[in-house]
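One structure is given below, encoded as structure tokens.
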Amino acid sequence: MASSTTLAGTSPRTNQWRVVDIVVASVIAVAVGVLFFAWSAGYSGISLLTAGFPPLAGLYSGGWLIAGVLGGLIIRKPGAAIYCEMLAAAVSALIGTQWGVGVLLSGAIQGVGAELVFLLFLYRKWNLPVALLAGLGAGLALGISENILYKALWTIEFKLLYVVFAAVSGIVIAGLLSWLAMRGLARTGVLSSFAAGRTADV
Amino acid sequence: MSTDYLTPVLTGRTLLRANPVSKLFAAVVITLALMASIDWVSAAVALTCELALMPLLGISVIGLARRIWPLLVAALIGAYGTALLAEKTGGVLLDVGPFLFTEGSVAAGIAVGLRGLPLALPGIFILLTTDPTDLADALAQKLRLPSRFVLGALASLRLVGLLVEQWDSLGLARHARGVGSDGSALARTRNLLGQSFGLIVQAIRRATRLATAMEARGFGAGTRTWARESTYSLLDAGIAVVGLLVAVGAVTAAVLAGTWNFILG
Amino acid sequence: MTAVHPPLRRAVQVRAREWGWRHAGRKAFAARQVDLGIAPGERVLLLGASGAGKSTLLHALAGVLGTSDEGEQEGDLLLDGVPPAAARGRAGLVLQDPETQVVLARVGDEVAFAAENLAVPREEIWRRVGRALDDVGLDLPLDHPTTALSGGQKQRLALAAVLAMEPGLLLLDEPTANLDPAGVLEVRDAVVRVLERTGATLVVVEHRVAVWADVVDRVIVLDAGGGILADGPPGTVLVQEQTRSRLAEAGVWVPGRQPAVGGTLPTDAGGEGLLSARSLSVARSRRGRAVVEDLSLTVSAGQALSITGPNGAGKSTAALTIGGLLRPRAGTLEASALLAGAAGPDPFRWRSAHLVQRIGTVFQEPEHQFLTATVGEELAFGPRQVGAPDSPRIAELAERLRLTHLLGANPFTLSGGEKRRLSVATMLATAPRLLILDEPTFGQDALTWAELVTLLRELVREGVAVLSVTHDTDFIRALGGATLHIADGAGRLVSR
Ligand SMILES: Nc1ncnc2c1ncn2[C@@H]1O[C@H](COP(=O)(O)OP(=O)(O)OP(=O)(O)O)[C@@H](O)[C@H]1O
Ligand SMILES: Nc1ncnc2c1ncn2[C@@H]1O[C@H](COP(=O)(O)OP(=O)(O)OP(=O)(O)O)[C@@H](O)[C@H]1O
Ligand SMILES: [Mg+2]
Ligand SMILES: [Mg+2]
């Protein structure tokens with residue numbers, strides 16, 4: 001039986017957003033936004049666990065970065081990472097999180113972190129290393145911006161540690177998991193209208 | 001899972017009538033003012049003002065408490081973390097092993113915790129008083145955000161809400177095919193993951209089909225008109241002014257009190 | 001009194017020359033060598049076997065097949081002389097499934113959506129919304145939520161949403177599938193009313209010819225192998241003996257001709273009892289209202305039982321409850337030892353792996369039950385689950401239900417009828433003793449329909465109990481057995 005093979009490296013033929021790009025990107029972002037909501041609720045619990053050493057909570061932060069990396073990997077159009085991350089943040093704000101309107105700013109910054117990596121590869125490469133780098137970019141963006149916006153009073157060593165943990169979390173949770181999710185989704189065939197899900201003819 | 005996460009029950013008659021853009025504006029200026037500095041005076045002033053405006057939400061105290069208790073927890077956690085990790089200045093208050101709290105670090109923690117609440121509350125105001133369709137109308141017509149994206153996001157919001165409602169049906173369909181949530185804890189977890197993945201697959205599938213349906217109705221072709229006009233009224237001017245007053249008031253109070261502490265400074 | 005409206009927009013003319021389309025991911029063309037011209041204002045019924053490319057052609061006419069990313073086109077297809085994508089707004093398409101095409105949350109906004117996209121001025125939009133809702137007879141407040149609609153209402157809403165575009169070409173893809181007989185006529189009459197007022201060109205796809213034969217001027221039959229099989233007025237194409245037999249051979253439902261079904265009509269005797277329900281009340285959810293109450297029946301081995309009733313009556317809910325999937329609100333459901341084996345008498349408590357061996361339930365919505373990436377894996381999944389991989393039955397089912405050429409294809413990319421057949425086949429593959437089928441024949445052409453009926457007859461004769469929810473009276477007659485009619489919250493057993 002011919003099984004589908006994902007051509008993980010291809011890009012769509014144009015950089016224009018089609019309607020299906022917009023709607024699917026939005027659905028991914030909204031779905032991840034719902035996850036954010038659960039993730040944010042879980043954050044309080046995690047914070048209690050890491051009470052002895054709060055920077056460890058940075059390891060948890062990758063969950064907030066999935067939307068941008070996953071959206072970018074699937075849609076493969078300029079702006080996809082920023083759009084998905086911001087929409088996901090907006091949705092979690094619409095459902096209600098402890099961060100209020102501020103998540104929009106955070107979403108934008110984190111989206112830019114991932115987007116820059118995709119831009120660096122000129123929206124041509126979509127393999128695992130690029131996904132991991134995008135996760136790293138988003139993680140760094142998150143670590144640095146959180147330090148400025150919310151953890152400004154921490155001493156510099158702890159801030160540095162927080163950035164390191166956020167970066168690691170970004171690579172593993174946002175980078176690796178998104179890449180696996182993209183592969184898994186491509187295998188189900190629902191991505192057949194996207195370059196990410198293109199399969200051999202049957 | 002409760003089904004109504006994505007279609008909030010709206011309360012607060014007055015704010016419901018206002019244009020979402022004015023509410024957003026007020027929330028953003030207050031948020032910016034609070035973000036710019038970490039100090040307890042600006043936080044306290046903004047918090048007091050927001051609490052004073054709570055009756056506008058038209059929600060019972062208990063209902064409100066149920067909505068915002070996670071905010072309180074988050075604020076406490078933020079306060080604690082900063083107290084533990086900030087510069088240790090002033091007299092020692094507590095010193096047990098690695099846990100060292102000083103007057104300076106605790107003051108910093110209080111400022112951070114106090115700031116968390118007024119940062120979060122504007123979101124609750126918008127959440128409880130804004131219909132997503134109105135928000136989309138306003139974003140596209142007033143803020144001139146690209147209509148394709150605004151409407152795509154709106155349609156997706158509705159779609160995912162529907163799919164969350166279909167969680168049970170999806171579980172039934174899988175059960176009928178022999179993959180269900182019985183057996184060991186491990187099997188249960190696996191099934192939960194499988195079903196979540198299934199839900200996302202369904203979501204993308206429905207999104208693809210919805211995109212076709214939207215295109216079949218001329219969506220995305222060019223400029224469009226709006227059946228409902230998003231308008232401003234005096235109420236909106238009032239909301240914007242109140243937002244500005246709270247923001248300016250918080251900053252002024254902090255500067256006068258000498259506690260202003262710019263985050264980039 | 002009714003005002004006479006002038007035709008709103010010029011009706012569209014269609015011209016296809018050697019047109020064909022191959023979906024990305026497929027080697028075969030979905031439709032090929034389509035040559036036809038449709039004059040403005042003509043009303044066309046488009047027929048063809050399941051998988052012949054009818055939906056593909058409609059999508060192409062609506063300009064939504066996509067770009068070269070999504071497939072390969074040959075020849076050309078023109079609306080009033082321009083490609084469909086350049087004539088956006090001239091053609092309005094109602095997709096096969098009304099459920100999945102609702103965009104917005106309120107009825108008024110939903111109908112206004114298309115007009116907004118075409119940059120119609122605001123006052124005119126609301127005039128159109130009112131008129132479209134009138135045309136389809138949907139009398140609801142404009143802020144009525146689009147989720148709170150019955151099947152028939154959703155179908156009308158989908159139609160209204162397209163009418164607000166005031167299209168010169170109205171494209172309808174199986175607009176009455178899954179509607180009850182009354183709903184079918186209502187929707188058809190709504191379409192006729194609109195056409196009389198606007199004079200638009202119509203292309204409607206529907207397997208059951210009888211409903212539309214009287215209102216169309218022309219019948220076009222797509223050949224599954226490419227090209228056009230027949231083209232002409234219904235009075236000729238559907239009446240002349242020569243074309244009739246050619247069409248029947250190709251799987252088209254020809255009025256007045258029953259497809260030849262193999263096997264014999266099962267006797268109604270029934271064997272040993274499998275499942276009995278006593279005073280059953282059924283509800284969708286634990287807290288939702290009970291939709292049917294006080295249902296009592298026994299299902300026996302080798303028995304065929306059909307459930308009929310209007311849309312929204314609770315047929316599917318009842319079927320899911322009897323299938324051990326939903327918890328009975330009240331009353332009891334008990335499996336006999338013959339069915340239950342070691343699993344205990346209450347099907348609702350069975351583990352999934354036990355359930356699928358004993359009761360196979362096919363859902364109304366096929367896509368909900370797809371679990372794997374290809375048709376082949378989908379068919380193999382059940383047998384593997386019950387510990388009988390490599391069952392020769394799989395290949396036989398695929399062959400008989402015409403899925404063999406699709407084994408490597410993704411289930412989500414199948415045509416409407418192919419999806420339905422696949423979801424039925426997956427349940428047949430595990431060979432349970434009780435089969436529960438929700439609308440098993442929708443979207444089937446005459447050949448696949450006959451094959452399905454033949455298969456089910458064989459199963460019944462082998463002692464399998466088949467319980468089907470259906471609006472298809474031919475199917476009920478062909479399978480025999482008793483009918484449970486559900487309406488107004490109660491079920492009434494009608495024996496033949
Ligand atoms: N998106 C798609 N990707 C790949 N193949 C497709 C896609 N849509 C349809 N096909 C294939 O193209 C062929 C024609 O499909 P189409 O939906 O046009 O058939 P149809 O005549 O409408 O059938 P039905 O009566 O069953 O609805 C089928 O073999 C189908 O599997
Ligand atoms: N997933 C669901 N959740 C809640 N209510 C539902 C759901 N599906 C259907 N209903 C409601 O339950 C009632 C019975 O629906 P059901 O699907 O059983 O009807 P049906 O007889 O199968 O109709 P149809 O012929 O349209 O398939 C209807 O009022 C319907 O609106
Ligand atoms: Mg079709
Ligand atoms: Mg039903």
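By order in the structure tokens, chains are A, B, ...; within a chain, residues start at 1; ligands start at 1, following the order shown.
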
> What's the 8 Å shell around segment 36-46 of chain A, counting only C-alpha atoms, without same-chain residues fewer than 5 positions away, as a VMD selection string?
Replying inline: (chain A and resid 57 60 63 to 64 88 to 89 92 95 to 98) or (chain B and resid 70 73 to 74 77)

Store the residues picked out above, limited to N, CA and C atoms, as a compact mmCIF listing (two decimals), in the first residue's frame.
```
# COMPACT_ATOMS: atom_id res chain seq x y z
N ALA A 57 10.37 27.76 36.81
CA ALA A 57 9.10 27.89 36.10
C ALA A 57 9.33 28.23 34.64
N TYR A 60 8.61 25.69 32.14
CA TYR A 60 7.20 25.44 31.80
C TYR A 60 6.75 26.34 30.67
N GLY A 63 5.18 25.99 26.65
CA GLY A 63 3.80 25.75 26.27
C GLY A 63 3.16 26.95 25.61
N TRP A 64 3.60 28.14 26.02
CA TRP A 64 2.99 29.35 25.45
C TRP A 64 3.54 29.67 24.06
N ALA A 88 -3.57 33.33 19.40
CA ALA A 88 -3.69 32.39 20.52
C ALA A 88 -3.68 33.16 21.84
N ALA A 89 -2.79 34.15 21.92
CA ALA A 89 -2.75 34.96 23.13
C ALA A 89 -4.07 35.70 23.32
N SER A 92 -6.71 33.35 24.58
CA SER A 92 -6.60 33.02 25.99
C SER A 92 -7.01 34.22 26.83
N ILE A 95 -10.79 34.17 26.87
CA ILE A 95 -11.33 33.20 27.82
C ILE A 95 -11.05 33.65 29.25
N GLY A 96 -9.97 34.38 29.41
CA GLY A 96 -9.63 34.90 30.73
C GLY A 96 -8.38 34.25 31.29
N THR A 97 -7.29 34.99 31.36
CA THR A 97 -6.09 34.47 32.02
C THR A 97 -5.67 35.49 33.07
N GLN A 98 -4.66 35.12 33.81
CA GLN A 98 -4.21 36.04 34.85
C GLN A 98 -3.37 37.18 34.30
N PRO B 70 -8.28 32.83 40.37
CA PRO B 70 -6.97 32.44 39.85
C PRO B 70 -6.02 33.64 39.75
N VAL B 73 -4.40 34.09 43.09
CA VAL B 73 -3.34 33.11 43.29
C VAL B 73 -2.10 33.51 42.51
N ALA B 74 -2.31 33.88 41.24
CA ALA B 74 -1.18 34.24 40.39
C ALA B 74 -0.44 35.45 40.97
N ILE B 77 1.68 34.34 43.86
CA ILE B 77 2.87 33.61 43.41
C ILE B 77 3.92 34.58 42.87
```

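Residues lying within 12 Å of Pro392 of chain C, counting only C-alpha atoms and ignoring same-chain neighbours fewer than 4 positions away, are Leu379, Ala380, Pro383, Ala388, Glu396, Leu397, Ala398, Glu399, Ala429 and Thr430 of chain C.
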
Can I get the selected residues back with N, CA, C and O atoms, as a PDB file, in the first residue's frame?
```pdb
ATOM      1  N   LEU C 379      -9.759   0.224   6.922  1.00  0.00           N
ATOM      2  CA  LEU C 379     -10.461  -1.052   6.831  1.00  0.00           C
ATOM      3  C   LEU C 379      -9.799  -2.112   7.696  1.00  0.00           C
ATOM      4  O   LEU C 379     -10.463  -2.964   8.276  1.00  0.00           O
ATOM      5  N   ALA C 380      -8.468  -2.045   7.788  1.00  0.00           N
ATOM      6  CA  ALA C 380      -7.751  -3.074   8.546  1.00  0.00           C
ATOM      7  C   ALA C 380      -7.816  -2.820  10.048  1.00  0.00           C
ATOM      8  O   ALA C 380      -7.574  -3.716  10.845  1.00  0.00           O
ATOM      9  N   PRO C 383     -10.567  -5.129  12.273  1.00  0.00           N
ATOM     10  CA  PRO C 383     -10.150  -6.530  12.415  1.00  0.00           C
ATOM     11  C   PRO C 383      -8.918  -6.679  13.307  1.00  0.00           C
ATOM     12  O   PRO C 383      -8.836  -7.615  14.100  1.00  0.00           O
ATOM     13  N   ALA C 388      -8.259 -10.187  14.572  1.00  0.00           N
ATOM     14  CA  ALA C 388      -8.364 -10.974  13.343  1.00  0.00           C
ATOM     15  C   ALA C 388      -7.780 -10.207  12.168  1.00  0.00           C
ATOM     16  O   ALA C 388      -8.485  -9.863  11.229  1.00  0.00           O
ATOM     17  N   GLU C 396     -12.602  -8.266   0.193  1.00  0.00           N
ATOM     18  CA  GLU C 396     -13.903  -8.490  -0.423  1.00  0.00           C
ATOM     19  C   GLU C 396     -14.789  -7.251  -0.267  1.00  0.00           C
ATOM     20  O   GLU C 396     -15.431  -6.802  -1.214  1.00  0.00           O
ATOM     21  N   LEU C 397     -14.795  -6.697   0.947  1.00  0.00           N
ATOM     22  CA  LEU C 397     -15.612  -5.511   1.193  1.00  0.00           C
ATOM     23  C   LEU C 397     -15.179  -4.356   0.305  1.00  0.00           C
ATOM     24  O   LEU C 397     -16.002  -3.667  -0.302  1.00  0.00           O
ATOM     25  N   ALA C 398     -13.869  -4.152   0.234  1.00  0.00           N
ATOM     26  CA  ALA C 398     -13.357  -3.051  -0.577  1.00  0.00           C
ATOM     27  C   ALA C 398     -13.785  -3.219  -2.024  1.00  0.00           C
ATOM     28  O   ALA C 398     -14.198  -2.265  -2.679  1.00  0.00           O
ATOM     29  N   GLU C 399     -13.702  -4.443  -2.496  1.00  0.00           N
ATOM     30  CA  GLU C 399     -14.059  -4.721  -3.883  1.00  0.00           C
ATOM     31  C   GLU C 399     -15.554  -4.451  -4.102  1.00  0.00           C
ATOM     32  O   GLU C 399     -15.944  -3.720  -5.015  1.00  0.00           O
ATOM     33  N   ALA C 429     -16.393  -4.904   8.611  1.00  0.00           N
ATOM     34  CA  ALA C 429     -15.138  -5.649   8.651  1.00  0.00           C
ATOM     35  C   ALA C 429     -14.931  -6.368   9.973  1.00  0.00           C
ATOM     36  O   ALA C 429     -14.273  -7.399  10.025  1.00  0.00           O
ATOM     37  N   THR C 430     -15.481  -5.833  11.066  1.00  0.00           N
ATOM     38  CA  THR C 430     -15.263  -6.480  12.358  1.00  0.00           C
ATOM     39  C   THR C 430     -16.306  -7.551  12.642  1.00  0.00           C
ATOM     40  O   THR C 430     -16.243  -8.202  13.674  1.00  0.00           O
TER      41      THR C 430
END
```

Each chain C residue no farther than 8 Å from chain B, nearest pair in Å, only C-alpha atoms, as a tab-separated table:
```
residue	atom	partner	partner_atom	distance
C:Ala62	CA	B:Ala216	CA	6.1
C:Gly63	CA	B:Ala216	CA	7.3
C:Val64	CA	B:Thr212	CA	6.2
C:Arg88	CA	B:Gly218	CA	5.8
C:Gly89	CA	B:Gly218	CA	5.4
C:Ala91	CA	B:Ala216	CA	7.9
C:Gly92	CA	B:Ala216	CA	6.3
C:Leu93	CA	B:Ala216	CA	5.8
C:Val94	CA	B:Ala213	CA	7.8
C:Leu95	CA	B:Ala213	CA	7.0
C:Thr100	CA	B:Leu210	CA	6.3
C:Gln101	CA	B:Ala213	CA	5.4
C:Val102	CA	B:Leu210	CA	7.6
C:Val103	CA	B:Ala155	CA	5.5
C:Leu104	CA	B:Ala155	CA	6.0
C:Ala105	CA	B:Arg158	CA	7.0
C:Asp109	CA	B:Ala227	CA	7.6
C:Ala112	CA	B:Ala227	CA	6.5
C:Phe113	CA	B:Arg217	CA	7.7
C:Ala114	CA	B:Arg217	CA	4.9
C:Glu116	CA	B:Thr225	CA	4.8
C:Asn117	CA	B:Arg224	CA	4.7
C:Leu118	CA	B:Arg224	CA	6.0
C:Ala119	CA	B:Arg224	CA	4.3
C:Val120	CA	B:Thr225	CA	6.3
C:Pro121	CA	B:Thr225	CA	6.5
C:Arg122	CA	B:Ala227	CA	5.2
C:Glu123	CA	B:Ala227	CA	7.9
C:Ile125	CA	B:Ala227	CA	6.4
C:Trp126	CA	B:Ala227	CA	7.1
C:Val162	CA	B:Arg217	CA	6.6
C:Met165	CA	B:Arg217	CA	7.4
C:Leu325	CA	B:Leu172	CA	6.2
C:Leu326	CA	B:Leu172	CA	7.9
C:Arg351	CA	B:Asp182	CA	6.0
C:Ser352	CA	B:Gly178	CA	4.4
C:Ala353	CA	B:Gly178	CA	4.7
C:His354	CA	B:Gly178	CA	7.5
C:Leu355	CA	B:Gly178	CA	6.8
C:Val356	CA	B:Gly178	CA	5.2
C:Gly360	CA	B:Ala176	CA	6.7
C:Thr361	CA	B:Ala176	CA	6.1
C:Phe363	CA	B:Ala173	CA	7.1
C:His368	CA	B:Ala173	CA	6.2
C:Gln369	CA	B:Ala173	CA	5.3
C:Leu371	CA	B:Gly198	CA	7.8
C:Gly382	CA	B:Arg177	CA	6.9
C:Gln385	CA	B:Gly178	CA	6.8
C:Phe412	CA	B:Arg205	CA	7.8
C:Met427	CA	B:Arg177	CA	7.8
```

Produce a file of the selected residues containing N, CA and C atoms, as a CSV table (one decimal), in the first residue's frame.
```
chain,number,residue,atom,x,y,z
C,62,ALA,N,-17.8,27.1,-9.1
C,62,ALA,CA,-17.9,28.2,-8.1
C,62,ALA,C,-16.5,28.8,-8.0
C,63,GLY,N,-15.5,28.3,-8.6
C,63,GLY,CA,-14.2,28.9,-8.5
C,63,GLY,C,-13.5,28.6,-7.2
C,64,VAL,N,-13.8,27.5,-6.6
C,64,VAL,CA,-13.2,27.3,-5.3
C,64,VAL,C,-12.3,26.0,-5.3
C,88,ARG,N,-16.0,35.6,-9.5
C,88,ARG,CA,-16.4,35.4,-8.1
C,88,ARG,C,-17.7,36.2,-7.8
C,89,GLY,N,-18.7,35.5,-7.2
C,89,GLY,CA,-19.9,36.2,-6.9
C,89,GLY,C,-21.0,36.0,-7.9
C,91,ALA,N,-21.4,33.0,-9.3
C,91,ALA,CA,-22.0,31.7,-9.0
C,91,ALA,C,-22.0,31.5,-7.4
C,92,GLY,N,-23.1,30.9,-7.0
C,92,GLY,CA,-23.3,30.7,-5.5
C,92,GLY,C,-23.4,29.2,-5.3
C,93,LEU,N,-22.5,28.6,-4.4
C,93,LEU,CA,-22.5,27.2,-4.2
C,93,LEU,C,-23.0,26.8,-2.8
C,94,VAL,N,-23.9,25.9,-2.7
C,94,VAL,CA,-24.3,25.3,-1.4
C,94,VAL,C,-23.6,23.9,-1.4
C,95,LEU,N,-22.7,23.8,-0.4
C,95,LEU,CA,-21.9,22.5,-0.3
C,95,LEU,C,-22.7,21.4,0.1
C,100,THR,N,-21.3,22.1,8.0
C,100,THR,CA,-19.9,22.6,8.0
C,100,THR,C,-19.8,23.9,7.3
C,101,GLN,N,-20.9,24.5,6.8
C,101,GLN,CA,-20.6,25.7,6.1
C,101,GLN,C,-21.2,27.0,6.8
C,102,VAL,N,-21.6,26.8,8.0
C,102,VAL,CA,-22.0,28.0,8.8
C,102,VAL,C,-20.8,28.8,9.2
C,103,VAL,N,-20.7,30.1,8.9
C,103,VAL,CA,-19.6,30.9,9.2
C,103,VAL,C,-19.7,31.7,10.5
C,104,LEU,N,-20.9,32.3,10.7
C,104,LEU,CA,-21.1,33.2,11.8
C,104,LEU,C,-22.1,32.8,12.8
C,105,ALA,N,-22.2,33.5,13.9
C,105,ALA,CA,-23.0,33.0,15.0
C,105,ALA,C,-24.5,33.4,14.9
C,109,ASP,N,-26.4,37.7,10.3
C,109,ASP,CA,-25.0,37.9,9.9
C,109,ASP,C,-24.6,36.9,8.9
C,112,ALA,N,-26.1,37.8,5.6
C,112,ALA,CA,-25.5,39.0,5.1
C,112,ALA,C,-24.0,38.8,4.6
C,113,PHE,N,-23.4,37.8,5.1
C,113,PHE,CA,-22.0,37.6,4.9
C,113,PHE,C,-21.6,37.6,3.4
C,114,ALA,N,-22.3,36.9,2.6
C,114,ALA,CA,-21.9,36.9,1.1
C,114,ALA,C,-22.1,38.2,0.5
C,116,GLU,N,-21.9,41.1,1.9
C,116,GLU,CA,-20.8,42.0,2.4
C,116,GLU,C,-19.5,41.7,1.6
C,117,ASN,N,-19.2,40.4,1.3
C,117,ASN,CA,-18.0,40.1,0.6
C,117,ASN,C,-18.1,40.7,-0.8
C,118,LEU,N,-19.3,40.8,-1.4
C,118,LEU,CA,-19.4,41.4,-2.7
C,118,LEU,C,-19.5,42.9,-2.7
C,119,ALA,N,-19.3,43.5,-1.5
C,119,ALA,CA,-19.3,44.9,-1.4
C,119,ALA,C,-20.6,45.6,-1.8
C,120,VAL,N,-21.7,44.9,-1.4
C,120,VAL,CA,-23.0,45.5,-1.6
C,120,VAL,C,-23.2,46.6,-0.5
C,121,PRO,N,-23.9,47.7,-0.9
C,121,PRO,CA,-24.1,48.7,0.1
C,121,PRO,C,-25.0,48.3,1.2
C,122,ARG,N,-24.8,48.9,2.4
C,122,ARG,CA,-25.4,48.4,3.6
C,122,ARG,C,-26.9,48.2,3.5
C,123,GLU,N,-27.7,49.3,3.1
C,123,GLU,CA,-29.1,49.2,3.1
C,123,GLU,C,-29.6,48.0,2.2
C,125,ILE,N,-27.9,45.3,1.6
C,125,ILE,CA,-27.6,44.1,2.2
C,125,ILE,C,-28.8,43.6,3.0
C,126,TRP,N,-29.4,44.5,3.8
C,126,TRP,CA,-30.5,44.1,4.7
C,126,TRP,C,-31.7,43.8,3.9
C,162,VAL,N,-26.6,31.8,0.3
C,162,VAL,CA,-26.1,31.9,-1.0
C,162,VAL,C,-27.0,32.8,-1.9
C,165,MET,N,-26.3,36.5,-2.3
C,165,MET,CA,-25.4,36.9,-3.3
C,165,MET,C,-26.1,37.3,-4.6
C,325,LEU,N,-23.9,3.3,23.5
C,325,LEU,CA,-22.9,4.4,23.5
C,325,LEU,C,-23.4,5.5,24.4
C,326,LEU,N,-24.7,5.7,24.5
C,326,LEU,CA,-25.2,6.7,25.4
C,326,LEU,C,-25.9,6.1,26.5
C,351,ARG,N,-16.4,-2.4,27.7
C,351,ARG,CA,-15.2,-1.8,27.2
C,351,ARG,C,-15.2,-1.7,25.7
C,352,SER,N,-14.5,-0.7,25.2
C,352,SER,CA,-14.5,-0.4,23.7
C,352,SER,C,-14.2,-1.7,22.9
C,353,ALA,N,-13.2,-2.4,23.4
C,353,ALA,CA,-12.8,-3.6,22.6
C,353,ALA,C,-13.9,-4.6,22.6
C,354,HIS,N,-14.6,-4.7,23.7
C,354,HIS,CA,-15.7,-5.7,23.7
C,354,HIS,C,-16.9,-5.2,22.8
C,355,LEU,N,-17.1,-3.9,23.0
C,355,LEU,CA,-18.3,-3.4,22.2
C,355,LEU,C,-18.1,-3.6,20.7
C,356,VAL,N,-16.9,-3.3,20.2
C,356,VAL,CA,-16.8,-3.3,18.7
C,356,VAL,C,-16.9,-4.7,18.2
C,360,GLY,N,-21.7,-3.0,16.1
C,360,GLY,CA,-21.0,-2.1,15.3
C,360,GLY,C,-21.9,-0.9,15.0
C,361,THR,N,-21.5,0.3,15.4
C,361,THR,CA,-22.4,1.4,15.1
C,361,THR,C,-21.7,2.3,14.1
C,363,PHE,N,-21.9,5.9,12.5
C,363,PHE,CA,-22.5,7.2,12.8
C,363,PHE,C,-23.0,7.9,11.6
C,368,HIS,N,-16.5,11.5,11.6
C,368,HIS,CA,-16.2,11.4,13.1
C,368,HIS,C,-15.5,10.1,13.4
C,369,GLN,N,-15.7,9.1,12.6
C,369,GLN,CA,-15.2,7.8,12.9
C,369,GLN,C,-13.9,7.4,12.3
C,371,LEU,N,-10.1,7.1,11.7
C,371,LEU,CA,-9.0,7.1,12.7
C,371,LEU,C,-7.6,7.1,12.1
C,382,GLY,N,-10.3,-2.2,12.3
C,382,GLY,CA,-11.2,-2.9,13.2
C,382,GLY,C,-10.8,-4.4,13.4
C,385,GLN,N,-8.1,-4.8,15.7
C,385,GLN,CA,-8.6,-4.5,17.1
C,385,GLN,C,-9.2,-5.7,17.7
C,412,PHE,N,-10.3,11.5,4.4
C,412,PHE,CA,-10.9,12.8,4.4
C,412,PHE,C,-11.0,13.3,2.9
C,427,MET,N,-17.2,-1.0,9.7
C,427,MET,CA,-18.0,-1.7,10.8
C,427,MET,C,-18.3,-3.2,10.3
```

>> Nearest residue to ligand 3 out of C:Gly152, C:Gly443, C:Pro328, C:Pro345, using only C-alpha atoms and all ligand atoms?
In response: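 That would be C:Gly443, the residue with the smallest distance to ligand 3.
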
> What residues in chain A lie within 8 Å of chain B, counting only C-alpha atoms, written as a PyMOL selection string?
Replying inline: chain A and resi 19-20+22-24+26-28+30-31+41+44+47-48+51-52+54+87+93-102+148-155+158+185+188+190-191
